[in-house]
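Trainee: File name query05.csv; file contents CSV, C-alpha atoms; full text below.
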```
chain,number,residue,atom,x,y,z
A,1,THR,CA,51.1,61.5,38.1
A,2,LYS,CA,52.9,64.8,37.7
A,3,TYR,CA,56.0,63.2,39.3
A,4,THR,CA,56.0,60.2,37.1
A,5,GLU,CA,55.9,62.5,34.1
A,6,LEU,CA,59.0,64.2,35.4
A,7,ARG,CA,60.9,61.0,34.8
A,8,ASP,CA,59.3,60.2,31.5
A,9,LYS,CA,61.9,60.8,28.7
A,10,ALA,CA,59.2,60.5,26.1
A,11,ALA,CA,57.3,63.3,27.7
A,12,GLN,CA,60.4,65.4,27.8
A,13,GLU,CA,61.0,64.8,24.1
A,14,ARG,CA,57.4,65.7,23.3
A,15,GLU,CA,57.9,68.9,25.2
A,16,ARG,CA,61.0,69.8,23.3
A,17,GLN,CA,59.2,69.2,20.0
A,18,ALA,CA,56.2,71.2,21.2
A,19,PHE,CA,58.4,74.2,22.0
A,20,LEU,CA,60.1,74.0,18.6
A,21,SER,CA,56.8,73.8,16.7
A,22,ASP,CA,55.2,76.6,18.7
A,23,THR,CA,57.9,79.1,17.9
A,24,GLY,CA,57.7,78.4,14.2
A,25,GLU,CA,61.5,78.0,14.1
A,26,ILE,CA,63.4,75.0,12.8
A,27,GLU,CA,65.9,73.1,15.0
A,28,THR,CA,68.9,74.2,12.9
A,29,SER,CA,68.2,77.9,13.7
A,30,THR,CA,70.9,79.8,15.5
A,31,ARG,CA,70.1,80.0,19.2
A,32,ASP,CA,73.5,80.9,20.6
A,33,VAL,CA,73.5,82.8,24.0
A,34,LEU,CA,73.9,86.5,23.7
A,35,LEU,CA,76.4,88.5,25.7
A,36,LEU,CA,74.9,91.4,27.6
A,37,GLU,CA,76.8,93.8,25.2
A,38,GLU,CA,75.2,92.1,22.2
A,39,TRP,CA,71.7,92.2,23.9
A,40,GLN,CA,72.1,95.9,24.4
A,41,LYS,CA,73.0,96.5,20.8
A,42,LEU,CA,70.0,94.4,19.7
A,43,LYS,CA,67.7,96.3,22.0
A,44,ALA,CA,69.0,99.7,20.8
A,45,ALA,CA,68.1,98.6,17.2
A,46,VAL,CA,64.4,97.9,18.2
A,47,ASP,CA,61.7,100.5,18.4
A,48,PRO,CA,61.0,101.2,22.1
A,49,HIS,CA,57.4,100.2,21.6
A,50,TYR,CA,58.6,96.6,21.3
A,51,HIS,CA,61.0,96.6,24.2
A,52,VAL,CA,58.4,94.9,26.4
A,53,VAL,CA,58.2,92.1,23.8
A,54,LEU,CA,62.0,91.6,24.0
A,55,GLU,CA,61.8,91.4,27.7
A,56,LEU,CA,59.0,88.8,27.6
A,57,LEU,CA,61.0,86.8,25.1
A,58,LEU,CA,63.9,86.9,27.4
A,59,LEU,CA,61.8,85.5,30.2
A,60,GLY,CA,60.8,82.6,28.1
A,61,VAL,CA,57.3,83.7,27.0
A,62,ILE,CA,56.8,82.4,23.5
A,63,GLY,CA,54.9,84.0,20.6
A,64,SER,CA,51.7,82.1,21.0
A,65,GLU,CA,51.5,83.0,24.6
A,66,MET,CA,52.3,86.7,24.0
A,67,GLU,CA,49.5,87.0,21.5
A,68,ALA,CA,47.1,85.8,24.1
A,69,LEU,CA,48.2,87.9,27.0
A,70,GLN,CA,45.2,89.9,28.4
A,71,LYS,CA,45.1,92.6,31.0
A,72,ARG,CA,43.4,90.3,33.4
A,73,HIS,CA,46.6,88.2,33.4
A,74,LEU,CA,48.6,91.1,34.9
A,75,GLN,CA,47.9,90.8,38.6
A,76,GLY,CA,50.1,93.0,40.8
A,77,ASP,CA,53.6,91.7,40.6
A,78,THR,CA,52.6,88.5,38.8
A,79,LEU,CA,52.0,87.8,35.1
A,80,LEU,CA,49.8,84.7,34.7
A,81,ILE,CA,50.5,82.6,31.6
A,82,ARG,CA,47.2,80.8,31.0
A,83,CYS,CA,46.3,81.2,27.3
A,84,ALA,CA,47.8,80.8,23.9
A,85,VAL,CA,46.8,81.6,20.3
A,86,MET,CA,47.4,78.3,18.5
A,87,LYS,CA,47.5,77.6,14.8
A,88,VAL,CA,45.2,74.7,14.0
A,89,ARG,CA,44.9,72.9,10.7
A,90,PRO,CA,41.3,71.7,10.3
A,91,GLN,CA,40.3,68.6,8.5
A,92,LYS,CA,40.4,69.0,4.8
A,93,ILE,CA,37.2,69.1,2.8
A,94,ALA,CA,37.3,67.5,-0.7
A,95,GLY,CA,37.9,70.2,-3.3
A,96,GLU,CA,39.1,72.8,-0.8
A,97,ASN,CA,42.6,73.9,0.1
A,98,GLY,CA,43.7,73.4,3.7
A,99,HIS,CA,44.5,76.4,5.7
A,100,SER,CA,45.5,77.2,9.3
A,101,GLU,CA,43.1,78.6,11.7
A,102,ARG,CA,43.8,80.7,14.8
A,103,HIS,CA,42.3,79.4,17.9
A,104,LEU,CA,42.4,81.1,21.3
A,105,LYS,CA,43.1,78.3,23.9
A,106,PHE,CA,42.2,79.0,27.5
A,107,LYS,CA,44.5,76.4,29.0
A,108,PRO,CA,48.1,75.4,28.1
A,109,LYS,CA,48.8,72.3,26.1
A,110,ASN,CA,50.7,70.8,29.1
A,111,TRP,CA,50.5,71.4,32.8
A,112,TYR,CA,54.0,72.8,32.9
A,113,ARG,CA,53.2,75.6,30.5
A,114,LYS,CA,50.8,77.1,33.0
A,115,ARG,CA,52.9,79.4,35.2
A,116,ASP,CA,53.0,82.5,37.3
A,117,ILE,CA,55.9,84.8,36.4
A,118,GLN,CA,57.1,87.0,39.2
A,119,LEU,CA,57.8,90.4,37.8
A,120,THR,CA,60.6,92.8,38.6
A,121,ALA,CA,59.5,96.4,39.3
A,122,ARG,CA,61.0,97.4,35.9
A,123,LEU,CA,59.1,94.8,33.9
A,124,LYS,CA,55.9,95.4,35.8
A,125,LEU,CA,56.0,99.1,34.8
A,126,MET,CA,56.7,98.1,31.1
A,127,LEU,CA,53.7,95.8,31.0
A,128,GLU,CA,51.4,98.4,32.6
A,129,GLU,CA,52.6,101.0,30.1
A,130,ALA,CA,52.0,98.5,27.2
A,131,ALA,CA,48.5,97.7,28.6
A,132,GLY,CA,47.8,101.5,28.7
A,133,ARG,CA,48.6,101.8,25.0
A,134,SER,CA,46.1,99.0,24.1
A,135,VAL,CA,43.0,101.1,23.5
A,136,SER,CA,41.5,99.8,20.2
A,137,THR,CA,37.7,99.9,20.0
A,138,GLY,CA,37.5,96.9,17.8
A,139,ASN,CA,37.3,93.2,18.5
A,140,VAL,CA,39.5,90.2,17.8
A,141,THR,CA,37.6,87.2,16.5
A,142,PHE,CA,39.3,83.8,16.5
A,143,ASP,CA,38.4,80.8,14.2
A,144,ASN,CA,37.0,78.8,17.2
A,145,ASP,CA,34.2,81.3,17.6
A,146,ILE,CA,35.7,83.3,20.4
A,147,THR,CA,35.6,87.1,20.3
A,148,VAL,CA,37.6,89.3,22.7
A,149,PRO,CA,37.7,93.2,22.8
A,150,ALA,CA,41.0,94.2,21.3
A,151,ASN,CA,41.7,96.6,24.2
A,152,GLN,CA,41.7,93.6,26.6
A,153,PHE,CA,45.0,92.4,25.2
A,154,ILE,CA,48.2,93.8,26.7
A,155,LEU,CA,50.5,93.9,23.6
A,156,THR,CA,49.9,95.7,20.3
A,157,MET,CA,51.8,96.5,17.2
A,158,LYS,CA,53.0,100.1,16.9
A,159,ASP,CA,50.0,101.1,14.8
A,160,GLY,CA,47.7,99.9,17.6
A,161,SER,CA,46.6,96.7,16.0
A,162,PRO,CA,46.7,93.4,17.9
A,163,PHE,CA,50.1,92.0,18.5
A,164,SER,CA,51.3,89.5,15.8
A,165,TYR,CA,54.3,87.5,16.6
A,166,ALA,CA,54.8,86.7,12.9
A,167,SER,CA,54.7,90.4,12.0
A,168,PHE,CA,57.1,91.2,14.8
A,169,ARG,CA,59.6,88.6,13.5
A,170,LYS,CA,59.5,90.0,10.0
A,171,THR,CA,59.3,93.7,10.5
A,172,VAL,CA,61.1,94.2,13.8
A,173,TRP,CA,63.3,91.3,14.9
A,174,ASP,CA,65.0,90.3,11.7
A,175,LYS,CA,65.8,93.9,10.8
A,176,ALA,CA,67.1,94.6,14.3
A,177,VAL,CA,69.5,91.6,14.3
A,178,LYS,CA,71.0,92.9,11.1
A,179,ALA,CA,71.2,96.5,12.2
A,180,ALA,CA,72.9,95.4,15.5
A,181,GLY,CA,75.7,93.7,13.6
A,182,ILE,CA,75.4,90.5,15.5
A,183,ASP,CA,75.4,87.0,14.2
A,184,LEU,CA,72.0,85.6,13.0
A,185,ARG,CA,69.7,84.8,15.9
A,186,VAL,CA,66.1,83.7,16.2
A,187,PRO,CA,63.9,85.1,19.1
A,188,TYR,CA,64.0,81.7,20.8
A,189,SER,CA,67.7,82.3,21.4
A,190,LEU,CA,66.6,84.7,24.2
A,191,ARG,CA,65.3,81.7,26.2
A,192,HIS,CA,68.8,80.2,26.0
A,193,THR,CA,70.3,83.5,26.9
A,194,LEU,CA,68.1,84.0,30.0
A,195,VAL,CA,68.9,80.5,31.2
A,196,GLN,CA,72.7,81.1,31.1
A,197,TRP,CA,72.3,84.6,32.6
A,198,ALA,CA,70.1,83.3,35.4
A,199,LEU,CA,72.4,80.4,36.3
A,200,LEU,CA,75.4,82.7,36.3
A,201,ILE,CA,73.9,85.2,38.8
A,202,GLY,CA,72.6,82.5,41.1
A,203,MET,CA,69.0,81.6,40.3
A,204,THR,CA,68.3,78.0,41.3
A,205,LYS,CA,67.4,75.5,38.6
A,206,THR,CA,64.1,74.7,40.4
A,207,ARG,CA,63.0,78.3,40.0
A,208,LEU,CA,64.4,78.5,36.5
A,209,VAL,CA,62.4,75.4,35.4
A,210,ASP,CA,59.2,77.1,36.7
A,211,LEU,CA,60.0,80.4,35.0
A,212,MET,CA,60.7,78.8,31.6
A,213,GLY,CA,57.6,76.5,31.8
A,214,HIS,CA,59.4,73.2,31.6
A,215,CYS,CA,58.5,69.9,33.3
A,216,ASP,CA,61.9,69.3,34.9
A,217,LYS,CA,65.6,70.2,34.9
A,218,THR,CA,66.4,68.0,31.9
A,219,MET,CA,65.5,70.8,29.4
A,220,ILE,CA,67.8,73.2,31.3
A,221,ASP,CA,70.7,70.7,31.4
A,222,ARG,CA,70.6,69.2,28.0
A,223,VAL,CA,68.7,71.4,25.5
A,224,TYR,CA,69.7,75.0,26.1
A,225,GLY,CA,72.9,76.5,24.7
A,226,GLN,CA,76.3,75.9,26.2
A,227,TYR,CA,78.0,78.4,28.3
A,228,ARG,CA,79.1,81.5,26.3
A,229,LYS,CA,82.7,82.7,26.8
A,230,GLY,CA,82.8,86.2,28.2
A,231,LEU,CA,79.7,85.9,30.4
A,232,VAL,CA,81.6,85.7,33.7
A,233,LYS,CA,83.0,89.2,33.4
A,234,GLU,CA,79.5,90.5,32.8
A,235,LYS,CA,78.1,88.8,35.9
A,236,GLU,CA,77.6,92.0,37.9
A,237,GLN,CA,76.3,94.0,34.9
A,238,ILE,CA,73.7,91.2,34.2
A,239,LEU,CA,72.4,91.5,37.7
A,240,VAL,CA,72.2,95.2,37.4
A,241,TYR,CA,70.3,94.9,34.1
A,242,LEU,CA,67.8,92.3,35.3
A,243,GLY,CA,67.5,93.9,38.7
A,244,GLU,CA,68.2,92.5,42.2
A,245,ASP,CA,64.5,91.7,42.5
A,246,PHE,CA,64.9,89.2,39.7
A,247,LEU,CA,66.5,86.9,42.3
A,248,ALA,CA,65.0,85.6,45.5
A,249,LEU,CA,66.7,87.0,48.6
A,250,GLU,CA,68.3,83.6,49.3
A,251,GLU,CA,69.8,83.5,45.9
A,252,LEU,CA,71.1,87.0,46.2
A,253,LYS,CA,72.6,86.2,49.6
A,254,VAL,CA,74.6,83.3,48.1
A,255,THR,CA,75.9,84.9,44.9
A,256,PHE,CA,76.1,88.6,45.9
A,257,PRO,CA,76.5,88.7,49.7
A,258,GLU,CA,77.5,92.3,49.8
A,259,ARG,CA,74.4,93.3,47.8
A,260,TYR,CA,72.3,91.2,50.0
A,261,ARG,CA,73.6,92.9,53.2
A,262,ALA,CA,73.0,96.3,51.6
A,263,ALA,CA,69.4,95.3,50.7
A,264,MET,CA,68.8,94.1,54.3
A,265,GLN,CA,70.2,97.3,55.7
A,266,SER,CA,68.0,99.4,53.4
A,267,ALA,CA,65.0,97.3,54.4
A,268,SER,CA,65.7,97.7,58.1
A,269,ALA,CA,66.2,101.5,57.7
A,270,ILE,CA,62.8,101.8,56.0
A,271,LEU,CA,61.1,99.8,58.8
A,272,GLU,CA,62.7,102.0,61.4
A,273,THR,CA,61.2,105.2,59.8
A,274,THR,CA,57.7,103.8,59.6
```
Kindly return the structure encoded in the file as structure tokens.
Mentor:
Amino acid sequence: TKYTELRDKAAQERERQAFLSDTGEIETSTRDVLLLEEWQKLKAAVDPHYHVVLELLLLGVIGSEMEALQKRHLQGDTLLIRCAVMKVRPQKIAGENGHSERHLKFKPKNWYRKRDIQLTARLKLMLEEAAGRSVSTGNVTFDNDITVPANQFILTMKDGSPFSYASFRKTVWDKAVKAAGIDLRVPYSLRHTLVQWALLIGMTKTRLVDLMGHCDKTMIDRVYGQYRKGLVKEKEQILVYLGEDFLALEELKVTFPERYRAAMQSASAILETT
């Protein structure tokens, strides 16, 4: 059952390896948590067209999931993670060189990858704007005989072509890290960053597990980067950046009681005027 799997250490290890392989990054890559100041430098070095990609990476959406995001997955304040573009190596035929194929998969590899991400107002607007830029009249055909109109995907490269995580890494991310003057990072480091930021500002581990698409708290406790010195003094700024609506009201109440009271007073005032 699902709850038996939560206690299955072998399943947890398989999950960890799956995430490593999906990102195309090796285990020795630098995944240190970013300070907010470093994140802002990195973001400033990235073309605004790709800011939505950075925000999705920060929320734990991996490259294969981003390539598969379609407009139908954006439903109100929720982003549905349901599909992935996977590299599949077919069985070799004698005399032919093996090569990877791109398959569009309509269900996650594991049950914990399927998730509903609750969007802040800021990220919802960014995704809607990205979807509005996706207007290609062509089609995207995958090697498992699935064809989807290109304009049904949310993300694009700046030239309007379908989003490619590999191209983003090479032409955007790597150059931005260097231009920002920060230590070498891989995009996967943003998952580590968000975990530490979220815990700092009061998100519960239960909600964080769901957001990251993990099977239990073990990945949060053991795998992600250690606490980064200097984060505490950025606590308030991190909340401002992510937005108060990033937290549930109960979480805001515990960690930022004054902000919670102000939010409740504002909500009451709105109700009184309606």
Trainee: Would you mind listing what lies within 9 Å of A:Arg89 as a PyMOL selection string, with all atoms listed in the file counted and same-chain residues fewer than 4 positions away left out?
Mentor: chain A and resi 98-102
Trainee: What is the atom CA of A:Gln75 to atom CA of A:Lys114 distance in Å?
Mentor: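 Value for the atom CA of A:Gln75-atom CA of A:Lys114 distance: 15.1 Å.
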Trainee: Hey, which of A:Glu244, A:Lys107, A:Ala166, A:Thr204 ends up closest to A:Pro187? Count all atoms listed in the file.
Mentor: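 Ranked by minimum distance to A:Pro187, first place goes to A:Ala166.
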Trainee: Would you list the residues near (74.2, 96.8, 20.2) (no more than 10 Å away, in the coordinates of the file, using all atoms listed in the file) as a ChimeraX atom specification?
Mentor: /A:36-45,176-177,179-182
Trainee: Kindly indicate which residue among A:His103, A:Lys71, A:Arg261, A:Arg31 lies nearest to A:Asp145, using all atoms listed in the file for the distances.
Mentor: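 For A:Asp145, the nearest of the given residues is A:His103.
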